[in-house]
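Trainee: model.pdb is the file, holding PDB, C-alpha atoms:
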```pdb
ATOM      1  CA  MET G   1     116.316 215.919 301.656  1.00  0.00           C
ATOM      2  CA  PHE G   2     116.260 218.157 298.590  1.00  0.00           C
ATOM      3  CA  THR G   3     115.852 221.894 298.551  1.00  0.00           C
ATOM      4  CA  ILE G   4     114.202 223.574 295.572  1.00  0.00           C
ATOM      5  CA  PHE G   5     117.640 224.693 294.396  1.00  0.00           C
ATOM      6  CA  ASP G   6     118.985 221.124 294.590  1.00  0.00           C
ATOM      7  CA  LEU G   7     115.937 219.849 292.740  1.00  0.00           C
ATOM      8  CA  ARG G   8     116.409 222.336 289.908  1.00  0.00           C
ATOM      9  CA  ILE G   9     120.064 221.354 289.456  1.00  0.00           C
ATOM     10  CA  TYR G  10     119.234 217.639 289.666  1.00  0.00           C
ATOM     11  CA  LEU G  11     116.394 217.878 287.132  1.00  0.00           C
ATOM     12  CA  HIS G  12     118.536 220.040 284.881  1.00  0.00           C
ATOM     13  CA  TYR G  13     120.910 217.108 284.515  1.00  0.00           C
ATOM     14  CA  VAL G  14     118.303 214.311 284.621  1.00  0.00           C
ATOM     15  CA  LEU G  15     115.749 215.933 282.320  1.00  0.00           C
ATOM     16  CA  ASP G  16     116.858 219.118 280.541  1.00  0.00           C
ATOM     17  CA  VAL G  17     120.320 218.112 279.312  1.00  0.00           C
ATOM     18  CA  TRP G  18     119.131 214.616 278.391  1.00  0.00           C
ATOM     19  CA  THR G  19     116.061 215.966 276.531  1.00  0.00           C
ATOM     20  CA  GLU G  20     118.224 218.348 274.513  1.00  0.00           C
ATOM     21  CA  ALA G  21     120.519 215.481 273.474  1.00  0.00           C
ATOM     22  CA  TRP G  22     117.506 213.235 272.732  1.00  0.00           C
ATOM     23  CA  ARG G  23     115.960 215.982 270.596  1.00  0.00           C
ATOM     24  CA  LYS G  24     119.111 216.263 268.441  1.00  0.00           C
ATOM     25  CA  LYS G  25     119.769 212.522 268.091  1.00  0.00           C
ATOM     26  CA  VAL G  26     116.386 210.783 268.030  1.00  0.00           C
ATOM     27  CA  ALA G  27     113.495 213.159 267.321  1.00  0.00           C
ATOM     28  CA  GLN G  28     112.005 213.249 263.823  1.00  0.00           C
ATOM     29  CA  GLY G  29     110.048 216.485 264.306  1.00  0.00           C
ATOM     30  CA  ASP G  30     110.181 219.516 266.598  1.00  0.00           C
ATOM     31  CA  VAL G  31     110.316 219.055 270.382  1.00  0.00           C
ATOM     32  CA  ILE G  32     109.497 221.803 272.876  1.00  0.00           C
ATOM     33  CA  ILE G  33     109.980 221.600 276.640  1.00  0.00           C
ATOM     34  CA  VAL G  34     108.640 224.055 279.215  1.00  0.00           C
ATOM     35  CA  ARG G  35     109.733 223.278 282.765  1.00  0.00           C
ATOM     36  CA  TYR G  36     109.218 225.079 286.058  1.00  0.00           C
ATOM     37  CA  ALA G  37     110.806 223.394 289.110  1.00  0.00           C
ATOM     38  CA  ASP G  38     109.468 219.824 288.961  1.00  0.00           C
ATOM     39  CA  ASP G  39     106.591 220.497 286.528  1.00  0.00           C
ATOM     40  CA  ALA G  40     107.090 220.137 282.798  1.00  0.00           C
ATOM     41  CA  VAL G  41     105.074 220.190 279.594  1.00  0.00           C
ATOM     42  CA  LEU G  42     106.594 218.757 276.438  1.00  0.00           C
ATOM     43  CA  GLY G  43     105.325 219.271 272.926  1.00  0.00           C
ATOM     44  CA  PHE G  44     106.088 216.961 270.010  1.00  0.00           C
ATOM     45  CA  GLN G  45     105.365 217.424 266.345  1.00  0.00           C
ATOM     46  CA  CYS G  46     105.141 213.643 265.775  1.00  0.00           C
ATOM     47  CA  ARG G  47     103.112 211.225 267.893  1.00  0.00           C
ATOM     48  CA  GLU G  48     105.778 208.533 267.417  1.00  0.00           C
ATOM     49  CA  ASP G  49     108.390 210.841 268.975  1.00  0.00           C
ATOM     50  CA  ALA G  50     106.129 211.424 271.981  1.00  0.00           C
ATOM     51  CA  ASP G  51     105.568 207.688 272.536  1.00  0.00           C
ATOM     52  CA  ARG G  52     109.273 206.896 272.179  1.00  0.00           C
ATOM     53  CA  PHE G  53     110.304 209.792 274.450  1.00  0.00           C
ATOM     54  CA  LEU G  54     107.861 208.837 277.206  1.00  0.00           C
ATOM     55  CA  GLU G  55     109.107 205.252 277.257  1.00  0.00           C
ATOM     56  CA  GLN G  56     112.765 206.314 277.335  1.00  0.00           C
ATOM     57  CA  LEU G  57     112.102 209.024 279.937  1.00  0.00           C
ATOM     58  CA  ARG G  58     110.551 206.473 282.283  1.00  0.00           C
ATOM     59  CA  GLU G  59     113.680 204.325 281.927  1.00  0.00           C
ATOM     60  CA  ARG G  60     115.954 207.307 282.540  1.00  0.00           C
ATOM     61  CA  LEU G  61     114.083 208.432 285.654  1.00  0.00           C
ATOM     62  CA  ARG G  62     114.119 204.867 286.988  1.00  0.00           C
ATOM     63  CA  LYS G  63     117.944 204.929 286.845  1.00  0.00           C
ATOM     64  CA  PHE G  64     117.912 207.920 289.210  1.00  0.00           C
ATOM     65  CA  GLY G  65     115.270 206.476 291.536  1.00  0.00           C
ATOM     66  CA  LEU G  66     112.552 208.793 290.237  1.00  0.00           C
ATOM     67  CA  GLN G  67     109.227 208.169 288.537  1.00  0.00           C
ATOM     68  CA  LEU G  68     106.524 210.094 286.737  1.00  0.00           C
ATOM     69  CA  HIS G  69     103.271 210.752 288.566  1.00  0.00           C
ATOM     70  CA  PRO G  70     100.750 208.387 286.906  1.00  0.00           C
ATOM     71  CA  ASP G  71      97.780 210.776 287.301  1.00  0.00           C
ATOM     72  CA  LYS G  72      99.666 213.776 285.897  1.00  0.00           C
ATOM     73  CA  THR G  73     101.441 212.095 282.980  1.00  0.00           C
ATOM     74  CA  ARG G  74      99.526 211.625 279.753  1.00  0.00           C
ATOM     75  CA  LEU G  75      99.799 212.095 276.030  1.00  0.00           C
ATOM     76  CA  ILE G  76      97.203 214.376 274.486  1.00  0.00           C
ATOM     77  CA  GLU G  77      96.670 215.807 271.042  1.00  0.00           C
ATOM     78  CA  PHE G  78      96.979 219.565 271.332  1.00  0.00           C
ATOM     79  CA  GLY G  79      97.636 222.349 268.855  1.00  0.00           C
ATOM     80  CA  ARG G  80      96.159 224.144 265.908  1.00  0.00           C
ATOM     81  CA  TYR G  81      95.302 220.960 264.006  1.00  0.00           C
ATOM     82  CA  ALA G  82      94.030 218.945 266.976  1.00  0.00           C
ATOM     83  CA  ALA G  83      90.408 220.107 266.731  1.00  0.00           C
ATOM     84  CA  GLY G  84      90.127 219.266 263.033  1.00  0.00           C
ATOM     85  CA  ARG G  85      91.776 215.877 263.405  1.00  0.00           C
ATOM     86  CA  ARG G  86      89.619 214.933 266.377  1.00  0.00           C
ATOM     87  CA  LYS G  87      86.509 216.080 264.528  1.00  0.00           C
ATOM     88  CA  LYS G  88      87.345 213.789 261.586  1.00  0.00           C
ATOM     89  CA  ARG G  89      87.751 210.868 264.003  1.00  0.00           C
ATOM     90  CA  ARG G  90      84.520 211.901 265.810  1.00  0.00           C
ATOM     91  CA  GLU G  91      86.308 212.211 269.155  1.00  0.00           C
ATOM     92  CA  GLY G  92      84.893 215.562 270.271  1.00  0.00           C
ATOM     93  CA  GLN G  93      86.732 218.613 271.571  1.00  0.00           C
ATOM     94  CA  PRO G  94      90.529 218.542 272.065  1.00  0.00           C
ATOM     95  CA  GLU G  95      91.706 217.728 275.565  1.00  0.00           C
ATOM     96  CA  THR G  96      92.953 220.363 277.982  1.00  0.00           C
ATOM     97  CA  PHE G  97      95.791 220.196 280.483  1.00  0.00           C
ATOM     98  CA  ASN G  98      96.727 221.833 283.775  1.00  0.00           C
ATOM     99  CA  PHE G  99     100.082 223.535 284.236  1.00  0.00           C
ATOM    100  CA  LEU G 100     101.203 226.027 286.891  1.00  0.00           C
ATOM    101  CA  GLY G 101      97.737 226.661 288.309  1.00  0.00           C
ATOM    102  CA  PHE G 102      95.933 227.165 285.005  1.00  0.00           C
ATOM    103  CA  THR G 103      93.967 224.931 282.680  1.00  0.00           C
ATOM    104  CA  ARG G 104      95.330 225.354 279.150  1.00  0.00           C
ATOM    105  CA  ILE G 105      92.668 225.233 276.441  1.00  0.00           C
ATOM    106  CA  GLY G 106      93.349 225.292 272.705  1.00  0.00           C
ATOM    107  CA  GLY G 107      91.079 227.606 270.732  1.00  0.00           C
ATOM    108  CA  ARG G 108      90.765 230.237 268.040  1.00  0.00           C
ATOM    109  CA  SER G 109      91.139 234.000 268.363  1.00  0.00           C
ATOM    110  CA  ARG G 110      87.963 236.007 267.845  1.00  0.00           C
ATOM    111  CA  GLU G 111      89.337 238.478 265.331  1.00  0.00           C
ATOM    112  CA  LYS G 112      91.185 236.372 262.765  1.00  0.00           C
ATOM    113  CA  GLY G 113      90.605 232.809 263.881  1.00  0.00           C
ATOM    114  CA  TYR G 114      94.263 232.075 264.624  1.00  0.00           C
ATOM    115  CA  PHE G 115      95.104 229.243 267.001  1.00  0.00           C
ATOM    116  CA  THR G 116      95.662 230.433 270.554  1.00  0.00           C
ATOM    117  CA  VAL G 117      96.003 228.887 273.994  1.00  0.00           C
ATOM    118  CA  TYR G 118      93.531 230.173 276.562  1.00  0.00           C
ATOM    119  CA  ARG G 119      94.397 229.996 280.251  1.00  0.00           C
ATOM    120  CA  LYS G 120      91.763 229.592 282.925  1.00  0.00           C
ATOM    121  CA  THR G 121      92.290 229.211 286.673  1.00  0.00           C
ATOM    122  CA  ILE G 122      91.976 225.565 287.702  1.00  0.00           C
ATOM    123  CA  GLY G 123      88.374 225.072 288.885  1.00  0.00           C
ATOM    124  CA  LYS G 124      89.215 223.125 292.048  1.00  0.00           C
ATOM    125  CA  ARG G 125      91.572 225.837 293.246  1.00  0.00           C
ATOM    126  CA  MET G 126      89.047 228.568 292.538  1.00  0.00           C
ATOM    127  CA  ALA G 127      86.316 226.697 294.454  1.00  0.00           C
ATOM    128  CA  ALA G 128      88.669 226.033 297.382  1.00  0.00           C
ATOM    129  CA  LYS G 129      89.735 229.677 297.529  1.00  0.00           C
ATOM    130  CA  LEU G 130      86.129 230.929 297.445  1.00  0.00           C
ATOM    131  CA  LYS G 131      85.233 228.491 300.235  1.00  0.00           C
ATOM    132  CA  ASP G 132      88.161 229.804 302.284  1.00  0.00           C
ATOM    133  CA  ILE G 133      87.068 233.407 301.719  1.00  0.00           C
ATOM    134  CA  ARG G 134      83.482 232.576 302.695  1.00  0.00           C
ATOM    135  CA  GLN G 135      84.677 230.941 305.910  1.00  0.00           C
ATOM    136  CA  LYS G 136      86.916 233.899 306.812  1.00  0.00           C
ATOM    137  CA  LEU G 137      84.027 236.307 306.260  1.00  0.00           C
ATOM    138  CA  ARG G 138      81.750 234.217 308.474  1.00  0.00           C
ATOM    139  CA  GLN G 139      84.390 234.243 311.225  1.00  0.00           C
ATOM    140  CA  HIS G 140      84.751 237.991 310.827  1.00  0.00           C
ATOM    141  CA  GLY G 141      81.011 238.471 311.275  1.00  0.00           C
ATOM    142  CA  SER G 142      80.735 236.134 314.274  1.00  0.00           C
ATOM    143  CA  VAL G 143      83.628 237.791 316.121  1.00  0.00           C
ATOM    144  CA  ARG G 144      82.816 241.427 315.466  1.00  0.00           C
ATOM    145  CA  GLY G 145      79.132 241.230 314.679  1.00  0.00           C
ATOM    146  CA  VAL G 146      76.560 241.981 317.311  1.00  0.00           C
ATOM    147  CA  PRO G 147      73.059 240.461 316.978  1.00  0.00           C
ATOM    148  CA  GLY G 148      70.763 242.955 315.335  1.00  0.00           C
ATOM    149  CA  ASN G 149      73.716 245.043 314.096  1.00  0.00           C
ATOM    150  CA  ARG G 150      74.402 243.222 310.797  1.00  0.00           C
ATOM    151  CA  HIS G 151      73.470 245.956 308.355  1.00  0.00           C
ATOM    152  CA  PRO G 152      76.522 248.193 309.057  1.00  0.00           C
ATOM    153  CA  TYR G 153      78.794 245.201 308.389  1.00  0.00           C
ATOM    154  CA  ARG G 154      77.551 244.411 304.877  1.00  0.00           C
ATOM    155  CA  ALA G 155      79.521 247.042 302.947  1.00  0.00           C
ATOM    156  CA  PRO G 156      82.825 246.551 304.821  1.00  0.00           C
ATOM    157  CA  ARG G 157      82.529 242.764 304.431  1.00  0.00           C
ATOM    158  CA  ARG G 158      82.101 243.128 300.673  1.00  0.00           C
ATOM    159  CA  ALA G 159      85.059 245.504 300.497  1.00  0.00           C
ATOM    160  CA  GLU G 160      87.148 243.155 302.641  1.00  0.00           C
ATOM    161  CA  ALA G 161      86.189 240.200 300.453  1.00  0.00           C
ATOM    162  CA  ARG G 162      87.216 242.146 297.363  1.00  0.00           C
ATOM    163  CA  ARG G 163      90.591 243.140 298.900  1.00  0.00           C
ATOM    164  CA  PHE G 164      91.217 239.595 300.141  1.00  0.00           C
ATOM    165  CA  TRP G 165      90.353 238.124 296.731  1.00  0.00           C
ATOM    166  CA  LEU G 166      92.582 240.573 294.858  1.00  0.00           C
ATOM    167  CA  ARG G 167      95.506 239.862 297.229  1.00  0.00           C
ATOM    168  CA  ARG G 168      95.079 236.115 296.667  1.00  0.00           C
ATOM    169  CA  CYS G 169      94.879 236.491 292.887  1.00  0.00           C
ATOM    170  CA  ARG G 170      98.199 238.339 292.802  1.00  0.00           C
ATOM    171  CA  VAL G 171     100.073 235.534 294.591  1.00  0.00           C
TER     172      VAL G 171
END
```
Could you write out this structure as structure tokens?

Mentor:
Amino acid sequence: MFTIFDLRIYLHYVLDVWTEAWRKKVAQGDVIIVRYADDAVLGFQCREDADRFLEQLRERLRKFGLQLHPDKTRLIEFGRYAAGRRKKRREGQPETFNFLGFTRIGGRSREKGYFTVYRKTIGKRMAAKLKDIRQKLRQHGSVRGVPGNRHPYRAPRRAEARRFWLRRCRV
């Protein structure tokens, strides 16, 4: 059984140290890694580096009895040139990815048109949280509400929903 602390130390050796060595020895272009606990996003300047790294990472994890989650592991084209390249190939908008509760979307700033990454709360989580809030408010009304006495509860329920939502957003 691993604790979060054990997992961080284990992945530091299995992933972080190995990736740093791989970057210096094998990579042709820049390599960026962002990792939080067991979630990671890696950025590669060259597609060939990304393909080679993914294959070698799978082998490395196999040695330690680990594997990548097949639904969460994918190679996408992302960055300031992705939109233009995909447009030339007639492939549509660049793909997005989820990381740490947010969907990351590549785009342009409004003022100067510089590339920027927009973050948006993952839609499934937002819908689930709103459903939870709705259910809690219904329970509140059924426990404390008296038939024919609903009007006085409208304003406090809205205020409670707002407080509950703001508390959940801060977590």

Trainee: Select from stretch 49-70 of chain G every residue with an atom at most 8 Å from any atom of stretch 9-29 of chain G, then for each give the shortest pair of atoms and their distance in Å to one decimal, using all atoms listed in the file, rows by chain and rising number, as a tab-separated table.

Mentor:
```
residue	atom	partner	partner_atom	distance
G:Asp49	CA	G:Ala27	CA	5.8
G:Arg60	CA	G:Val14	CA	7.7
G:Leu61	CA	G:Val14	CA	7.3
G:Phe64	CA	G:Val14	CA	7.9
```

Trainee: With distances taken over only C-alpha atoms, which of G:Val34, G:Ala128, G:Leu68, G:Ala159 is nearest to G:Glu55?

Mentor: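 Among G:Val34, G:Ala128, G:Leu68, G:Ala159, it is G:Leu68 that comes nearest to G:Glu55.
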
Trainee: What is the atom CA of G:Phe102-atom CA of G:Arg163 distance in Å, reported with one decimal?

Mentor: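 Going from atom CA of G:Phe102 over to atom CA of G:Arg163 covers 21.8 Å.
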
Trainee: Nearest to G:Phe44: which of G:Val31, G:Ala161, G:Arg89, G:Arg8 is it, counting only C-alpha atoms?

Mentor: G:Val31

Trainee: Taking all atoms listed in the file into account, name the residue in G:Ala50, G:Ile105, G:Val117, G:Leu166 that is nearest to G:Lys129.

Mentor: G:Leu166

Trainee: Mind giving me the straight-line distance from atom CA of G:Phe97 to atom CA of G:Pro70 in Å, one decimal?

Mentor: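 Distance between the two atoms: 14.3 Å.
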
Trainee: At what distance in Å, to one decimal, does atom CA of G:Thr103 lie from atom CA of G:Gly123?

Mentor: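 Going from atom CA of G:Gly123 over to atom CA of G:Thr103, I get 8.4 Å.
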
Trainee: Around all of stretch 66-79 of chain G's listed atoms, make the axis-aligned box with 6 Å on each side and tell me centre and edge lengths in Å to one decimal, as lines of an AutoDock Vina configuration file.

Mentor:
```
center_x = 104.6
center_y = 215.3
center_z = 279.5
size_x = 27.9
size_y = 26.2
size_z = 33.4
```

Trainee: Name the residues that the PyMOL selection byres ((chain G and resi 72-84) around 9) pulls out of this structure, and write them as a ChimeraX atom specification.

Mentor: /G:43,47,50-51,54,68-71,85-89,92-98,105-108,114-117

Trainee: Report as a list in words the full result of the PyMOL selection byres ((chain G and resi 38) around 8) when it is applied to this structure.

Mentor: Leu7, Arg8, Leu11, Arg35, Tyr36, Ala37, Asp39 and Ala40 of chain G

Trainee: Could you check which residues have any atom within 12 Å of (91.6, 232.4, 303.1), counting all atoms listed in the file with coordinates taken straight from the file, and then list them as a PyMOL selection string?

Mentor: chain G and resi 125-140+160-161+163-169

Trainee: Could you take the residues named above and write them with C-alpha atoms, as a compact mmCIF listing (two decimals), in the coordinates of the input?

Mentor:
```
# COMPACT_ATOMS: atom_id res chain seq x y z
CA ARG G 125 91.57 225.84 293.25
CA MET G 126 89.05 228.57 292.54
CA ALA G 127 86.32 226.70 294.45
CA ALA G 128 88.67 226.03 297.38
CA LYS G 129 89.74 229.68 297.53
CA LEU G 130 86.13 230.93 297.44
CA LYS G 131 85.23 228.49 300.24
CA ASP G 132 88.16 229.80 302.28
CA ILE G 133 87.07 233.41 301.72
CA ARG G 134 83.48 232.58 302.70
CA GLN G 135 84.68 230.94 305.91
CA LYS G 136 86.92 233.90 306.81
CA LEU G 137 84.03 236.31 306.26
CA ARG G 138 81.75 234.22 308.47
CA GLN G 139 84.39 234.24 311.23
CA HIS G 140 84.75 237.99 310.83
CA GLU G 160 87.15 243.16 302.64
CA ALA G 161 86.19 240.20 300.45
CA ARG G 163 90.59 243.14 298.90
CA PHE G 164 91.22 239.60 300.14
CA TRP G 165 90.35 238.12 296.73
CA LEU G 166 92.58 240.57 294.86
CA ARG G 167 95.51 239.86 297.23
CA ARG G 168 95.08 236.12 296.67
CA CYS G 169 94.88 236.49 292.89
```

Trainee: Extract stretch 24-36 of chain G from the structure I just pasted (atoms: all heavy atoms) and return it as a CSV table (one decimal), in the first residue's frame.

Mentor:
```csv
chain,number,residue,atom,x,y,z
G,24,LYS,N,18.4,14.9,-21.7
G,24,LYS,CA,19.8,15.3,-22.0
G,24,LYS,C,20.5,14.4,-23.1
G,24,LYS,O,21.2,14.9,-23.9
G,24,LYS,CB,20.6,15.3,-20.7
G,24,LYS,CG,20.3,16.4,-19.8
G,24,LYS,CD,21.0,16.3,-18.5
G,24,LYS,CE,20.6,17.4,-17.5
G,24,LYS,NZ,21.2,17.3,-16.2
G,25,LYS,N,20.1,13.1,-23.0
G,25,LYS,CA,20.8,12.1,-23.9
G,25,LYS,C,20.1,11.9,-25.2
G,25,LYS,O,20.8,11.8,-26.2
G,25,LYS,CB,20.9,10.8,-23.2
G,25,LYS,CG,21.8,10.7,-22.0
G,25,LYS,CD,21.8,9.4,-21.3
G,25,LYS,CE,22.5,9.4,-20.0
G,25,LYS,NZ,22.4,8.1,-19.4
G,26,VAL,N,18.8,11.9,-25.3
G,26,VAL,CA,18.1,11.4,-26.4
G,26,VAL,C,17.3,12.5,-27.2
G,26,VAL,O,17.3,12.5,-28.4
G,26,VAL,CB,17.1,10.3,-26.0
G,26,VAL,CG1,16.3,9.8,-27.3
G,26,VAL,CG2,17.8,9.2,-25.3
G,27,ALA,N,16.7,13.5,-26.5
G,27,ALA,CA,15.8,14.4,-27.1
G,27,ALA,C,16.6,15.3,-28.1
G,27,ALA,O,17.7,15.8,-27.9
G,27,ALA,CB,15.2,15.3,-26.0
G,28,GLN,N,15.9,15.6,-29.2
G,28,GLN,CA,16.4,16.5,-30.3
G,28,GLN,C,16.0,18.0,-30.0
G,28,GLN,O,16.8,18.9,-30.2
G,28,GLN,CB,15.9,16.1,-31.6
G,28,GLN,CG,16.2,14.7,-32.0
G,28,GLN,CD,17.7,14.5,-32.2
G,28,GLN,OE1,18.3,15.3,-32.9
G,28,GLN,NE2,18.2,13.4,-31.7
G,29,GLY,N,14.8,18.1,-29.5
G,29,GLY,CA,14.3,19.5,-29.2
G,29,GLY,C,14.0,19.6,-27.7
G,29,GLY,O,14.5,18.8,-26.9
G,30,ASP,N,13.3,20.7,-27.3
G,30,ASP,CA,13.0,21.0,-25.9
G,30,ASP,C,12.0,19.9,-25.4
G,30,ASP,O,11.1,19.5,-26.1
G,30,ASP,CB,12.4,22.4,-25.8
G,30,ASP,CG,13.4,23.4,-25.9
G,30,ASP,OD1,14.6,23.1,-25.8
G,30,ASP,OD2,13.1,24.6,-26.2
G,31,VAL,N,12.1,19.6,-24.1
G,31,VAL,CA,11.1,18.8,-23.4
G,31,VAL,C,10.8,19.4,-22.1
G,31,VAL,O,11.6,19.9,-21.4
G,31,VAL,CB,11.8,17.4,-23.1
G,31,VAL,CG1,10.8,16.5,-22.3
G,31,VAL,CG2,12.2,16.7,-24.4
G,32,ILE,N,9.5,19.5,-21.8
G,32,ILE,CA,9.0,20.1,-20.6
G,32,ILE,C,8.1,19.1,-19.9
G,32,ILE,O,7.3,18.4,-20.5
G,32,ILE,CB,8.1,21.4,-20.9
G,32,ILE,CG1,9.0,22.4,-21.6
G,32,ILE,CG2,7.5,21.9,-19.7
G,32,ILE,CD1,8.2,23.6,-22.2
G,33,ILE,N,8.3,18.9,-18.6
G,33,ILE,CA,7.4,18.1,-17.8
G,33,ILE,C,6.8,18.8,-16.7
G,33,ILE,O,7.5,19.6,-16.0
G,33,ILE,CB,8.2,16.8,-17.3
G,33,ILE,CG1,7.2,15.9,-16.5
G,33,ILE,CG2,9.4,17.2,-16.5
G,33,ILE,CD1,7.8,14.5,-16.1
G,34,VAL,N,5.5,18.7,-16.5
G,34,VAL,CA,4.7,19.2,-15.4
G,34,VAL,C,4.1,18.1,-14.7
G,34,VAL,O,3.3,17.4,-15.3
G,34,VAL,CB,3.7,20.3,-15.8
G,34,VAL,CG1,2.9,20.8,-14.6
G,34,VAL,CG2,4.3,21.4,-16.6
G,35,ARG,N,4.4,17.8,-13.4
G,35,ARG,CA,3.9,16.7,-12.7
G,35,ARG,C,3.3,17.1,-11.4
G,35,ARG,O,3.9,17.9,-10.7
G,35,ARG,CB,4.9,15.6,-12.5
G,35,ARG,CG,4.3,14.3,-12.0
G,35,ARG,CD,5.3,13.2,-12.0
G,35,ARG,NE,6.4,13.3,-11.0
G,35,ARG,CZ,6.2,13.1,-9.7
G,35,ARG,NH1,5.0,12.6,-9.2
G,35,ARG,NH2,7.2,13.2,-8.8
G,36,TYR,N,2.2,16.6,-11.0
G,36,TYR,CA,1.6,16.8,-9.7
G,36,TYR,C,1.1,15.4,-9.2
G,36,TYR,O,0.2,14.8,-9.8
G,36,TYR,CB,0.4,17.8,-9.8
G,36,TYR,CG,-0.2,18.0,-8.4
G,36,TYR,CD1,0.5,18.9,-7.6
G,36,TYR,CD2,-1.3,17.4,-8.0
G,36,TYR,CE1,0.0,19.2,-6.3
G,36,TYR,CE2,-1.8,17.6,-6.7
G,36,TYR,CZ,-1.2,18.5,-5.9
G,36,TYR,OH,-1.7,18.7,-4.6
```
